[in-house]
$ cat structure-v3.txt   # compact mmCIF, N, CA and C atoms and all ligand atoms
# COMPACT_ATOMS: atom_id res chain seq x y z
N MET F 1 70.31 -94.07 -282.75
CA MET F 1 71.55 -93.73 -283.46
C MET F 1 71.24 -93.50 -284.94
N ALA F 2 71.85 -92.46 -285.48
CA ALA F 2 71.63 -92.16 -286.90
C ALA F 2 72.75 -91.26 -287.38
N VAL F 3 73.05 -91.39 -288.66
CA VAL F 3 74.04 -90.47 -289.25
C VAL F 3 73.37 -89.12 -289.46
N GLU F 4 74.00 -88.09 -288.96
CA GLU F 4 73.45 -86.73 -289.03
C GLU F 4 74.52 -85.78 -289.59
N THR F 5 74.05 -84.67 -290.16
CA THR F 5 74.96 -83.59 -290.54
C THR F 5 74.56 -82.35 -289.76
N THR F 6 75.56 -81.65 -289.22
CA THR F 6 75.31 -80.49 -288.38
C THR F 6 76.15 -79.30 -288.86
N LEU F 7 75.68 -78.11 -288.53
CA LEU F 7 76.44 -76.91 -288.88
C LEU F 7 77.35 -76.50 -287.73
N VAL F 8 78.61 -76.32 -288.06
CA VAL F 8 79.59 -75.76 -287.12
C VAL F 8 80.05 -74.42 -287.66
N LEU F 9 80.18 -73.44 -286.79
CA LEU F 9 80.85 -72.19 -287.15
C LEU F 9 82.05 -72.01 -286.24
N VAL F 10 83.22 -71.77 -286.83
CA VAL F 10 84.33 -71.21 -286.05
C VAL F 10 84.09 -69.70 -286.10
N LYS F 11 83.78 -69.13 -284.95
CA LYS F 11 83.38 -67.72 -284.86
C LYS F 11 84.59 -66.79 -285.11
N PRO F 12 84.34 -65.49 -285.29
CA PRO F 12 85.44 -64.57 -285.63
C PRO F 12 86.61 -64.60 -284.65
N ASP F 13 86.35 -64.85 -283.37
CA ASP F 13 87.47 -64.92 -282.41
C ASP F 13 88.36 -66.12 -282.72
N GLY F 14 87.75 -67.25 -283.08
CA GLY F 14 88.51 -68.44 -283.42
C GLY F 14 89.33 -68.27 -284.68
N VAL F 15 88.73 -67.62 -285.69
CA VAL F 15 89.46 -67.39 -286.94
C VAL F 15 90.62 -66.42 -286.69
N ARG F 16 90.31 -65.32 -285.96
CA ARG F 16 91.35 -64.31 -285.67
C ARG F 16 92.52 -64.91 -284.90
N ARG F 17 92.22 -65.84 -284.00
CA ARG F 17 93.27 -66.42 -283.15
C ARG F 17 93.99 -67.59 -283.82
N GLY F 18 93.59 -67.91 -285.06
CA GLY F 18 94.28 -68.98 -285.79
C GLY F 18 93.95 -70.37 -285.27
N LEU F 19 92.70 -70.56 -284.81
CA LEU F 19 92.32 -71.83 -284.19
C LEU F 19 91.56 -72.77 -285.13
N CYS F 20 91.37 -72.37 -286.40
CA CYS F 20 90.56 -73.20 -287.31
C CYS F 20 91.14 -74.61 -287.43
N GLY F 21 92.43 -74.71 -287.64
CA GLY F 21 93.06 -76.02 -287.83
C GLY F 21 92.86 -76.91 -286.61
N GLU F 22 93.11 -76.35 -285.45
CA GLU F 22 92.94 -77.09 -284.19
C GLU F 22 91.51 -77.59 -284.03
N ILE F 23 90.55 -76.74 -284.37
CA ILE F 23 89.14 -77.10 -284.17
C ILE F 23 88.71 -78.15 -285.19
N VAL F 24 89.09 -77.96 -286.46
CA VAL F 24 88.75 -78.95 -287.48
C VAL F 24 89.38 -80.30 -287.12
N ALA F 25 90.62 -80.26 -286.63
CA ALA F 25 91.33 -81.51 -286.28
C ALA F 25 90.58 -82.29 -285.21
N ARG F 26 90.00 -81.56 -284.25
CA ARG F 26 89.27 -82.27 -283.18
C ARG F 26 88.07 -83.02 -283.74
N PHE F 27 87.34 -82.40 -284.66
CA PHE F 27 86.19 -83.09 -285.27
C PHE F 27 86.66 -84.29 -286.09
N GLU F 28 87.72 -84.09 -286.86
CA GLU F 28 88.22 -85.18 -287.71
C GLU F 28 88.75 -86.33 -286.86
N ARG F 29 89.48 -86.01 -285.81
CA ARG F 29 90.04 -87.08 -284.95
C ARG F 29 88.94 -87.89 -284.30
N ARG F 30 87.84 -87.22 -283.95
CA ARG F 30 86.73 -87.94 -283.34
C ARG F 30 86.11 -88.94 -284.31
N GLY F 31 86.26 -88.65 -285.62
CA GLY F 31 85.72 -89.56 -286.63
C GLY F 31 84.65 -88.95 -287.50
N TYR F 32 84.40 -87.66 -287.33
CA TYR F 32 83.42 -87.00 -288.19
C TYR F 32 84.06 -86.63 -289.52
N GLU F 33 83.18 -86.45 -290.49
CA GLU F 33 83.62 -86.18 -291.86
C GLU F 33 83.20 -84.76 -292.24
N LEU F 34 84.08 -84.02 -292.90
CA LEU F 34 83.72 -82.70 -293.42
C LEU F 34 83.01 -82.87 -294.75
N ARG F 35 81.82 -82.34 -294.85
CA ARG F 35 81.05 -82.44 -296.11
C ARG F 35 81.11 -81.14 -296.90
N ALA F 36 81.36 -80.03 -296.21
CA ALA F 36 81.45 -78.73 -296.89
C ALA F 36 82.15 -77.77 -295.95
N ALA F 37 82.81 -76.78 -296.53
CA ALA F 37 83.49 -75.75 -295.74
C ALA F 37 83.46 -74.44 -296.52
N ARG F 38 83.31 -73.35 -295.78
CA ARG F 38 83.20 -72.05 -296.42
C ARG F 38 83.71 -70.99 -295.47
N LEU F 39 84.69 -70.19 -295.91
CA LEU F 39 85.16 -69.05 -295.11
C LEU F 39 84.43 -67.82 -295.62
N LEU F 40 83.67 -67.18 -294.76
CA LEU F 40 82.86 -66.05 -295.23
C LEU F 40 82.74 -64.98 -294.17
N ARG F 41 82.35 -63.81 -294.61
CA ARG F 41 81.98 -62.73 -293.70
C ARG F 41 80.46 -62.74 -293.61
N VAL F 42 79.92 -62.96 -292.43
CA VAL F 42 78.47 -63.06 -292.24
C VAL F 42 77.85 -61.66 -292.31
N SER F 43 76.80 -61.51 -293.10
CA SER F 43 76.09 -60.22 -293.20
C SER F 43 75.18 -60.06 -291.98
N LYS F 44 74.77 -58.84 -291.71
CA LYS F 44 73.83 -58.61 -290.59
C LYS F 44 72.52 -59.39 -290.80
N PRO F 45 71.92 -59.36 -292.00
CA PRO F 45 70.68 -60.12 -292.17
C PRO F 45 70.88 -61.62 -291.93
N LEU F 46 71.99 -62.18 -292.42
CA LEU F 46 72.24 -63.61 -292.18
C LEU F 46 72.43 -63.86 -290.68
N ALA F 47 73.14 -62.97 -290.01
CA ALA F 47 73.37 -63.13 -288.56
C ALA F 47 72.03 -63.11 -287.81
N ARG F 48 71.16 -62.18 -288.16
CA ARG F 48 69.85 -62.07 -287.47
C ARG F 48 69.00 -63.31 -287.72
N GLU F 49 69.09 -63.84 -288.94
CA GLU F 49 68.33 -65.04 -289.29
C GLU F 49 68.90 -66.26 -288.55
N HIS F 50 70.21 -66.40 -288.59
CA HIS F 50 70.86 -67.54 -287.93
C HIS F 50 70.52 -67.58 -286.44
N TYR F 51 70.55 -66.40 -285.80
CA TYR F 51 70.30 -66.33 -284.36
C TYR F 51 68.86 -65.89 -284.03
N ALA F 52 67.92 -66.18 -284.94
CA ALA F 52 66.53 -65.72 -284.78
C ALA F 52 65.93 -66.12 -283.43
N GLU F 53 66.29 -67.28 -282.92
CA GLU F 53 65.71 -67.75 -281.64
C GLU F 53 66.08 -66.82 -280.48
N HIS F 54 67.13 -66.02 -280.66
CA HIS F 54 67.58 -65.14 -279.57
C HIS F 54 67.10 -63.69 -279.75
N ARG F 55 66.32 -63.44 -280.80
CA ARG F 55 65.80 -62.09 -281.05
C ARG F 55 65.05 -61.61 -279.81
N GLY F 56 65.30 -60.36 -279.41
CA GLY F 56 64.59 -59.81 -278.24
C GLY F 56 65.34 -60.00 -276.93
N LYS F 57 66.34 -60.88 -276.92
CA LYS F 57 67.11 -61.08 -275.67
C LYS F 57 68.13 -59.95 -275.52
N PRO F 58 68.55 -59.67 -274.28
CA PRO F 58 69.43 -58.53 -274.05
C PRO F 58 70.77 -58.62 -274.78
N PHE F 59 71.24 -59.84 -275.06
CA PHE F 59 72.55 -59.99 -275.69
C PHE F 59 72.48 -60.07 -277.22
N PHE F 60 71.26 -59.96 -277.78
CA PHE F 60 71.09 -60.21 -279.22
C PHE F 60 71.92 -59.26 -280.09
N ALA F 61 71.85 -57.96 -279.80
CA ALA F 61 72.56 -56.98 -280.65
C ALA F 61 74.07 -57.22 -280.60
N ASP F 62 74.60 -57.49 -279.41
CA ASP F 62 76.04 -57.76 -279.29
C ASP F 62 76.43 -59.05 -280.02
N LEU F 63 75.54 -60.03 -279.96
CA LEU F 63 75.79 -61.32 -280.63
C LEU F 63 75.89 -61.11 -282.15
N VAL F 64 74.95 -60.34 -282.70
CA VAL F 64 74.96 -60.05 -284.14
C VAL F 64 76.21 -59.24 -284.50
N ASP F 65 76.55 -58.25 -283.69
CA ASP F 65 77.76 -57.45 -283.96
C ASP F 65 79.00 -58.35 -283.95
N PHE F 66 79.05 -59.25 -282.98
CA PHE F 66 80.24 -60.09 -282.86
C PHE F 66 80.39 -61.06 -284.02
N ILE F 67 79.31 -61.73 -284.39
CA ILE F 67 79.41 -62.77 -285.44
C ILE F 67 79.68 -62.15 -286.81
N THR F 68 79.40 -60.84 -286.93
CA THR F 68 79.67 -60.13 -288.19
C THR F 68 80.99 -59.34 -288.14
N SER F 69 81.78 -59.53 -287.08
CA SER F 69 82.96 -58.68 -286.87
C SER F 69 84.21 -59.16 -287.62
N GLY F 70 84.12 -60.31 -288.27
CA GLY F 70 85.28 -60.84 -288.99
C GLY F 70 84.90 -62.13 -289.68
N ALA F 71 85.85 -62.74 -290.33
CA ALA F 71 85.57 -63.98 -291.07
C ALA F 71 85.13 -65.10 -290.13
N VAL F 72 84.24 -65.94 -290.66
CA VAL F 72 83.73 -67.12 -289.95
C VAL F 72 84.02 -68.33 -290.84
N LEU F 73 84.40 -69.45 -290.24
CA LEU F 73 84.54 -70.70 -291.00
C LEU F 73 83.30 -71.54 -290.75
N ALA F 74 82.51 -71.75 -291.81
CA ALA F 74 81.31 -72.59 -291.71
C ALA F 74 81.64 -73.99 -292.19
N LEU F 75 81.23 -74.98 -291.43
CA LEU F 75 81.52 -76.38 -291.75
C LEU F 75 80.25 -77.20 -291.67
N ALA F 76 80.07 -78.11 -292.62
CA ALA F 76 79.04 -79.13 -292.50
C ALA F 76 79.75 -80.40 -292.05
N VAL F 77 79.39 -80.87 -290.87
CA VAL F 77 80.10 -81.98 -290.22
C VAL F 77 79.15 -83.16 -290.10
N ARG F 78 79.59 -84.33 -290.56
CA ARG F 78 78.70 -85.48 -290.66
C ARG F 78 79.24 -86.67 -289.89
N GLY F 79 78.33 -87.41 -289.28
CA GLY F 79 78.73 -88.64 -288.61
C GLY F 79 77.62 -89.16 -287.73
N GLU F 80 77.89 -90.27 -287.09
CA GLU F 80 76.92 -90.90 -286.20
C GLU F 80 76.59 -89.96 -285.04
N ASP F 81 75.32 -89.64 -284.90
CA ASP F 81 74.85 -88.73 -283.84
C ASP F 81 75.69 -87.45 -283.76
N ALA F 82 75.98 -86.89 -284.93
CA ALA F 82 76.90 -85.75 -284.99
C ALA F 82 76.37 -84.50 -284.28
N ILE F 83 75.06 -84.33 -284.22
CA ILE F 83 74.53 -83.08 -283.63
C ILE F 83 74.89 -83.00 -282.14
N ALA F 84 74.55 -84.04 -281.40
CA ALA F 84 74.88 -84.04 -279.97
C ALA F 84 76.38 -84.24 -279.76
N GLY F 85 77.00 -85.05 -280.61
CA GLY F 85 78.43 -85.33 -280.46
C GLY F 85 79.28 -84.09 -280.62
N VAL F 86 78.95 -83.29 -281.61
CA VAL F 86 79.70 -82.05 -281.85
C VAL F 86 79.48 -81.08 -280.69
N ARG F 87 78.24 -80.99 -280.21
CA ARG F 87 77.97 -80.12 -279.06
C ARG F 87 78.79 -80.60 -277.85
N GLY F 88 78.91 -81.89 -277.70
CA GLY F 88 79.71 -82.44 -276.60
C GLY F 88 81.17 -82.05 -276.72
N LEU F 89 81.73 -82.14 -277.92
CA LEU F 89 83.12 -81.74 -278.12
C LEU F 89 83.32 -80.25 -277.85
N MET F 90 82.27 -79.45 -278.11
CA MET F 90 82.38 -78.00 -277.91
C MET F 90 82.38 -77.62 -276.44
N GLY F 91 81.63 -78.33 -275.63
CA GLY F 91 81.52 -77.98 -274.21
C GLY F 91 80.37 -77.01 -273.96
N ALA F 92 80.16 -76.69 -272.70
CA ALA F 92 79.05 -75.83 -272.29
C ALA F 92 79.17 -74.45 -272.94
N THR F 93 78.02 -73.81 -273.13
CA THR F 93 77.98 -72.50 -273.79
C THR F 93 78.90 -71.49 -273.11
N ASN F 94 78.83 -71.44 -271.79
CA ASN F 94 79.68 -70.51 -271.03
C ASN F 94 81.01 -71.19 -270.69
N PRO F 95 82.12 -70.68 -271.25
CA PRO F 95 83.42 -71.33 -270.99
C PRO F 95 83.73 -71.48 -269.51
N ALA F 96 83.11 -70.67 -268.67
CA ALA F 96 83.32 -70.82 -267.22
C ALA F 96 82.84 -72.18 -266.74
N ASP F 97 81.88 -72.77 -267.49
CA ASP F 97 81.31 -74.07 -267.11
C ASP F 97 81.77 -75.21 -268.02
N SER F 98 82.59 -74.90 -269.02
CA SER F 98 83.00 -75.93 -270.00
C SER F 98 84.11 -76.78 -269.40
N ALA F 99 83.97 -78.10 -269.54
CA ALA F 99 84.97 -79.00 -268.97
C ALA F 99 86.28 -78.89 -269.75
N PRO F 100 87.42 -78.99 -269.05
CA PRO F 100 88.69 -79.14 -269.75
C PRO F 100 88.61 -80.34 -270.70
N GLY F 101 89.24 -80.21 -271.85
CA GLY F 101 89.15 -81.27 -272.86
C GLY F 101 88.16 -80.93 -273.95
N THR F 102 87.23 -80.02 -273.64
CA THR F 102 86.31 -79.55 -274.68
C THR F 102 86.92 -78.33 -275.38
N ILE F 103 86.36 -78.00 -276.54
CA ILE F 103 86.91 -76.86 -277.30
C ILE F 103 86.81 -75.59 -276.47
N ARG F 104 85.63 -75.31 -275.93
CA ARG F 104 85.48 -74.08 -275.15
C ARG F 104 86.24 -74.17 -273.83
N GLY F 105 86.27 -75.34 -273.24
CA GLY F 105 86.98 -75.52 -271.97
C GLY F 105 88.48 -75.35 -272.12
N ASP F 106 88.99 -75.64 -273.31
CA ASP F 106 90.43 -75.52 -273.55
C ASP F 106 90.83 -74.18 -274.17
N LEU F 107 89.91 -73.57 -274.94
CA LEU F 107 90.32 -72.46 -275.82
C LEU F 107 89.60 -71.14 -275.56
N ALA F 108 88.68 -71.09 -274.60
CA ALA F 108 87.89 -69.86 -274.42
C ALA F 108 87.71 -69.55 -272.94
N THR F 109 87.49 -68.26 -272.66
CA THR F 109 87.17 -67.86 -271.29
C THR F 109 85.90 -67.01 -271.23
N LEU F 110 85.45 -66.48 -272.36
CA LEU F 110 84.33 -65.53 -272.36
C LEU F 110 83.09 -66.11 -273.01
N LEU F 111 81.92 -65.89 -272.39
CA LEU F 111 80.65 -66.34 -272.96
C LEU F 111 80.40 -65.71 -274.33
N SER F 112 80.75 -64.44 -274.46
CA SER F 112 80.47 -63.72 -275.71
C SER F 112 81.47 -64.07 -276.81
N GLU F 113 82.60 -64.66 -276.44
CA GLU F 113 83.62 -65.04 -277.44
C GLU F 113 84.02 -66.49 -277.16
N ASN F 114 83.08 -67.39 -277.50
CA ASN F 114 83.28 -68.79 -277.12
C ASN F 114 83.63 -69.68 -278.31
N VAL F 115 84.20 -69.07 -279.34
CA VAL F 115 84.97 -69.75 -280.39
C VAL F 115 84.15 -70.55 -281.42
N VAL F 116 83.10 -71.22 -280.98
CA VAL F 116 82.38 -72.11 -281.90
C VAL F 116 80.87 -72.03 -281.72
N HIS F 117 80.17 -72.37 -282.80
CA HIS F 117 78.73 -72.60 -282.79
C HIS F 117 78.47 -74.00 -283.30
N GLY F 118 77.49 -74.68 -282.74
CA GLY F 118 77.03 -75.97 -283.28
C GLY F 118 75.53 -76.06 -283.18
N SER F 119 74.88 -76.58 -284.23
CA SER F 119 73.42 -76.72 -284.22
C SER F 119 72.98 -77.56 -283.01
N ASP F 120 71.80 -77.21 -282.46
CA ASP F 120 71.38 -77.88 -281.21
C ASP F 120 70.30 -78.94 -281.40
N SER F 121 69.82 -79.16 -282.62
CA SER F 121 68.78 -80.16 -282.86
C SER F 121 68.74 -80.46 -284.36
N ARG F 122 68.00 -81.50 -284.74
CA ARG F 122 67.89 -81.80 -286.18
C ARG F 122 67.23 -80.67 -286.93
N LYS F 123 66.22 -80.08 -286.30
CA LYS F 123 65.51 -78.98 -286.95
C LYS F 123 66.45 -77.78 -287.15
N SER F 124 67.22 -77.44 -286.11
CA SER F 124 68.19 -76.34 -286.22
C SER F 124 69.25 -76.65 -287.27
N ALA F 125 69.73 -77.88 -287.27
CA ALA F 125 70.78 -78.26 -288.22
C ALA F 125 70.29 -78.08 -289.65
N ARG F 126 69.08 -78.56 -289.92
CA ARG F 126 68.52 -78.45 -291.28
C ARG F 126 68.41 -76.97 -291.67
N ARG F 127 67.87 -76.18 -290.76
CA ARG F 127 67.65 -74.75 -291.03
C ARG F 127 68.98 -74.02 -291.22
N GLU F 128 69.94 -74.27 -290.34
CA GLU F 128 71.21 -73.54 -290.36
C GLU F 128 72.09 -73.98 -291.54
N LEU F 129 72.06 -75.27 -291.87
CA LEU F 129 72.84 -75.73 -293.03
C LEU F 129 72.33 -75.06 -294.30
N GLN F 130 71.02 -74.90 -294.40
CA GLN F 130 70.42 -74.25 -295.57
C GLN F 130 70.85 -72.78 -295.65
N LEU F 131 70.98 -72.12 -294.48
CA LEU F 131 71.40 -70.71 -294.48
C LEU F 131 72.84 -70.55 -294.96
N PHE F 132 73.72 -71.44 -294.51
CA PHE F 132 75.14 -71.28 -294.81
C PHE F 132 75.59 -72.03 -296.07
N PHE F 133 74.82 -73.06 -296.45
CA PHE F 133 75.14 -73.82 -297.66
C PHE F 133 73.88 -73.93 -298.52
N PRO F 134 73.43 -72.79 -299.05
CA PRO F 134 72.15 -72.79 -299.79
C PRO F 134 72.18 -73.64 -301.05
N ASP F 135 73.36 -73.91 -301.58
CA ASP F 135 73.44 -74.75 -302.78
C ASP F 135 73.46 -76.23 -302.44
N GLY F 136 73.35 -76.55 -301.17
CA GLY F 136 73.35 -77.96 -300.77
C GLY F 136 74.76 -78.46 -300.47
N LEU F 137 74.83 -79.71 -300.03
CA LEU F 137 76.10 -80.30 -299.62
C LEU F 137 76.57 -81.26 -300.69
N VAL F 138 77.88 -81.53 -300.69
CA VAL F 138 78.43 -82.47 -301.68
C VAL F 138 78.05 -83.89 -301.30
N1 LIG D 201 75.47 -65.61 -275.46
C1 LIG D 201 75.80 -64.43 -274.82
N2 LIG D 201 75.19 -64.13 -273.63
C2 LIG D 201 74.26 -64.93 -273.07
C3 LIG D 201 73.92 -66.14 -273.72
C4 LIG D 201 74.54 -66.45 -274.93
O1 LIG D 201 76.64 -63.69 -275.31
O2 LIG D 201 73.75 -64.61 -271.98
C5 LIG D 201 76.10 -65.95 -276.76
C6 LIG D 201 77.10 -67.08 -276.65
O3 LIG D 201 78.26 -66.70 -277.37
C7 LIG D 201 76.39 -68.25 -277.29
C8 LIG D 201 75.45 -67.57 -278.28
O4 LIG D 201 75.09 -66.34 -277.66
O5 LIG D 201 77.28 -69.14 -277.93
C9 LIG D 201 74.21 -68.35 -278.60
O6 LIG D 201 73.59 -68.75 -277.39
P1 LIG D 201 73.05 -70.24 -277.19
O7 LIG D 201 72.28 -70.26 -275.93
O8 LIG D 201 72.35 -70.67 -278.43
O9 LIG D 201 74.39 -71.08 -276.96
P2 LIG D 201 75.14 -72.14 -277.88
O10 LIG D 201 74.09 -72.88 -278.68
O11 LIG D 201 76.09 -71.36 -278.76
O12 LIG D 201 75.87 -73.03 -276.94
MG MG D 202 72.51 -72.20 -279.77

$ encode --input "structure-v3.txt" --output "structure tokens"
Amino acid sequence: MAVETTLVLVKPDGVRRGLCGEIVARFERRGYELRAARLLRVSKPLAREHYAEHRGKPFFADLVDFITSGAVLALAVRGEDAIAGVRGLMGATNPADSAPGTIRGDLATLLSENVVHGSDSRKSARRELQLFFPDGLV
């Protein structure tokens, strides 16, 4: 057990659908703390860097197009075991497999428009937080 900070993105579908408040509330109710927040339009270079692990996969171009298609809410979320805990609240990557009660299980139906991103490891969290909050956290 350790206090961790993780990167969450409310993706363009979530922002467009007005789900930011609902999603932030779920993290706060669980007991996590917001350390930073930023509403931004992701550039293509930032999108390619953020999703570098998926470069070369068949869905990569669509993924980059989608994440750059509108405003994104970036959050630095902190708490005990926050990296796995936040992923748990989000549910499985494919909403078809996400349990009811999770963000994706309650709010999404499409793999390509699954509302949220969360870092998947300490290494990813460190790397992704630096990309979205280059000036550091409060
Ligand atoms: N994705 C997709 N098609 C796939 C696999 C993934 O469109 O076959 C999208 C999906 O929106 C997912 C994102 O690419 O959230 C990143 O994939 P990853 O496996 O990292 O899932 P995540 O970490 O977001 O759960
Ligand atoms: Mg991932």

$ residues_near_ligand --input "structure-v3.txt" --ligand "ligand LIG 201 (chain D)" --cutoff "5 Å" --atoms "only N, CA and C atoms and all ligand atoms" --output "JSON, numbers by chain"
{"F": [93, 111, 112, 113, 114, 117]}

$ closest_residue --input "structure-v3.txt" --among "F:Tyr51, F:Phe27, F:Phe66, F:Phe59" --to "ligand MG 202 (chain D)" --atoms "only C-alpha atoms and all ligand atoms"
F:Tyr51

$ atom_distance --input "structure-v3.txt" --atom1 "atom C of Arg104 in chain F" --atom2 "CA of Gly14 in chain F"
11.4 Å

$ select_by_dssp --input "structure-v3.txt" --residues "chain F" --states "strand (DSSP E or B)" --output "ChimeraX atom specification"
/F:3-10,33-41,71-80,100,102,116-118

$ residues_near_ligand --input "structure-v3.txt" --ligand "ligand MG 202 (chain D)" --cutoff "6.5 Å" --atoms "all atoms listed in the file" --output "mmCIF file with N, CA and C atoms, in the coordinates of the input"
data_model
loop_
_atom_site.group_PDB
_atom_site.id
_atom_site.type_symbol
_atom_site.label_atom_id
_atom_site.label_comp_id
_atom_site.auth_asym_id
_atom_site.auth_seq_id
_atom_site.Cartn_x
_atom_site.Cartn_y
_atom_site.Cartn_z
ATOM 1 N N GLY F 118 77.490 -74.680 -282.740
ATOM 2 C CA GLY F 118 77.030 -75.970 -283.280
ATOM 3 C C GLY F 118 75.530 -76.060 -283.180
ATOM 4 N N SER F 119 74.880 -76.580 -284.230
ATOM 5 C CA SER F 119 73.420 -76.720 -284.220
ATOM 6 C C SER F 119 72.980 -77.560 -283.010
ATOM 7 N N ASP F 120 71.800 -77.210 -282.460
ATOM 8 C CA ASP F 120 71.380 -77.880 -281.210
ATOM 9 C C ASP F 120 70.300 -78.940 -281.400
#

$ atom_distance --input "structure-v3.txt" --atom1 "atom C of Thr102 in chain F" --atom2 "CA of Ala36 in chain F"
22.2 Å

$ residues_around --input "structure-v3.txt" --residues "Ser43 in chain F" --least-positions-apart "5" --cutoff "7 Å" --atoms "only N, CA and C atoms" --output "ChimeraX atom specification"
/F:48,67-68

$ closest_residue --input "structure-v3.txt" --among "F:Ala99, F:Ala71, F:Val77, F:Gly105" --to "Arg17 in chain F" --atoms "only C-alpha atoms"
F:Ala71

$ atom_distance --input "structure-v3.txt" --atom1 "atom C of Tyr32 in chain F" --atom2 "atom C of Pro134 in chain F"
21.0 Å

$ select_by_dssp --input "structure-v3.txt" --residues "chain F" --states "helix (DSSP H, G or I)" --output "PyMOL selection string"
chain F and resi 12-16+20-30+44-50+52-54+60-67+82-90+95-97+103-107+122-132

$ closest_residue --input "structure-v3.txt" --among "F:Ser121, F:Pro12, F:Arg29, F:Glu22" --to "Ile83 in chain F" --atoms "only N, CA and C atoms"
F:Ser121

$ closest_residue --input "structure-v3.txt" --among "F:Leu39, F:Gly18, F:Val116, F:Lys44" --to "Val86 in chain F" --atoms "only C-alpha atoms"
F:Val116

$ residues_near_point --input "structure-v3.txt" --point "(87.4, -63.5, -289.2)" --cutoff "7 Å" --atoms "only C-alpha atoms" --output "PDB file with N, CA and C atoms, keeping the file's coordinate frame"
ATOM      1  N   PRO F  12      84.340 -65.490-285.290  1.00  0.00           N
ATOM      2  CA  PRO F  12      85.440 -64.570-285.630  1.00  0.00           C
ATOM      3  C   PRO F  12      86.610 -64.600-284.650  1.00  0.00           C
ATOM      4  N   ASP F  13      86.350 -64.850-283.370  1.00  0.00           N
ATOM      5  CA  ASP F  13      87.470 -64.920-282.410  1.00  0.00           C
ATOM      6  C   ASP F  13      88.360 -66.120-282.720  1.00  0.00           C
ATOM      7  N   VAL F  15      88.730 -67.620-285.690  1.00  0.00           N
ATOM      8  CA  VAL F  15      89.460 -67.390-286.940  1.00  0.00           C
ATOM      9  C   VAL F  15      90.620 -66.420-286.690  1.00  0.00           C
ATOM     10  N   ARG F  16      90.310 -65.320-285.960  1.00  0.00           N
ATOM     11  CA  ARG F  16      91.350 -64.310-285.670  1.00  0.00           C
ATOM     12  C   ARG F  16      92.520 -64.910-284.900  1.00  0.00           C
ATOM     13  N   SER F  69      81.780 -59.530-287.080  1.00  0.00           N
ATOM     14  CA  SER F  69      82.960 -58.680-286.870  1.00  0.00           C
ATOM     15  C   SER F  69      84.210 -59.160-287.620  1.00  0.00           C
ATOM     16  N   GLY F  70      84.120 -60.310-288.270  1.00  0.00           N
ATOM     17  CA  GLY F  70      85.280 -60.840-288.990  1.00  0.00           C
ATOM     18  C   GLY F  70      84.900 -62.130-289.680  1.00  0.00           C
ATOM     19  N   ALA F  71      85.850 -62.740-290.330  1.00  0.00           N
ATOM     20  CA  ALA F  71      85.570 -63.980-291.070  1.00  0.00           C
ATOM     21  C   ALA F  71      85.130 -65.100-290.130  1.00  0.00           C
ATOM     22  N   VAL F  72      84.240 -65.940-290.660  1.00  0.00           N
ATOM     23  CA  VAL F  72      83.730 -67.120-289.950  1.00  0.00           C
ATOM     24  C   VAL F  72      84.020 -68.330-290.840  1.00  0.00           C
TER      25      VAL F  72
END

$ closest_residue --input "structure-v3.txt" --among "F:Leu73, F:Phe133, F:Asp81, F:Arg126" --to "Leu40 in chain F" --atoms "only N, CA and C atoms"
F:Leu73

$ closest_residue --input "structure-v3.txt" --among "F:Ala96, F:Ala84, F:Leu131, F:Ala125" --to "Leu46 in chain F" --atoms "all atoms listed in the file"
F:Leu131

$ residues_around --input "structure-v3.txt" --residues "Leu75 in chain F" --least-positions-apart "4" --cutoff "6.5 Å" --atoms "all atoms listed in the file" --output "list in words"
Thr6, Leu7, Val8, Leu9, Val10, Arg35, Ala36, Ala37 and Arg38 of chain F

$ residues_around --input "structure-v3.txt" --residues "Gly79 in chain F" --least-positions-apart "6" --cutoff "9 Å" --atoms "only C-alpha atoms" --output "ChimeraX atom specification"
/F:2-6,31-33,85

$ axis_aligned_box --input "structure-v3.txt" --around "range 42-56 of chain F" --padding-each-side "6 Å" --output "JSON"
{"center_x": 72.3, "center_y": -63.2, "center_z": -285.1, "size_x": 27.3, "size_y": 21.1, "size_z": 28.3}

$ decode --input "structure-v3.txt" --residues "range 43-51 of chain F" --atoms "N, CA and C atoms" --output "PDB file, in the first residue's frame"
ATOM      1  N   SER F  43      -3.017  18.130 -28.649  1.00  0.00           N
ATOM      2  CA  SER F  43      -2.436  18.235 -29.997  1.00  0.00           C
ATOM      3  C   SER F  43      -2.133  16.827 -30.522  1.00  0.00           C
ATOM      4  N   LYS F  44      -1.960  16.712 -31.826  1.00  0.00           N
ATOM      5  CA  LYS F  44      -1.598  15.399 -32.405  1.00  0.00           C
ATOM      6  C   LYS F  44      -0.278  14.888 -31.821  1.00  0.00           C
ATOM      7  N   PRO F  45       0.773  15.717 -31.731  1.00  0.00           N
ATOM      8  CA  PRO F  45       2.024  15.208 -31.157  1.00  0.00           C
ATOM      9  C   PRO F  45       1.851  14.725 -29.712  1.00  0.00           C
ATOM     10  N   LEU F  46       1.086  15.465 -28.907  1.00  0.00           N
ATOM     11  CA  LEU F  46       0.868  15.019 -27.519  1.00  0.00           C
ATOM     12  C   LEU F  46       0.083  13.707 -27.515  1.00  0.00           C
ATOM     13  N   ALA F  47      -0.906  13.595 -28.390  1.00  0.00           N
ATOM     14  CA  ALA F  47      -1.709  12.364 -28.461  1.00  0.00           C
ATOM     15  C   ALA F  47      -0.823  11.168 -28.835  1.00  0.00           C
ATOM     16  N   ARG F  48       0.048  11.352 -29.815  1.00  0.00           N
ATOM     17  CA  ARG F  48       0.929  10.243 -30.252  1.00  0.00           C
ATOM     18  C   ARG F  48       1.894   9.851 -29.148  1.00  0.00           C
ATOM     19  N   GLU F  49       2.365  10.843 -28.398  1.00  0.00           N
ATOM     20  CA  GLU F  49       3.291  10.574 -27.287  1.00  0.00           C
ATOM     21  C   GLU F  49       2.551   9.857 -26.150  1.00  0.00           C
ATOM     22  N   HIS F  50       1.394  10.374 -25.800  1.00  0.00           N
ATOM     23  CA  HIS F  50       0.613   9.787 -24.705  1.00  0.00           C
ATOM     24  C   HIS F  50       0.286   8.316 -24.994  1.00  0.00           C
ATOM     25  N   TYR F  51      -0.087   8.033 -26.246  1.00  0.00           N
ATOM     26  CA  TYR F  51      -0.477   6.668 -26.615  1.00  0.00           C
ATOM     27  C   TYR F  51       0.653   5.914 -27.331  1.00  0.00           C
TER      28      TYR F  51
END
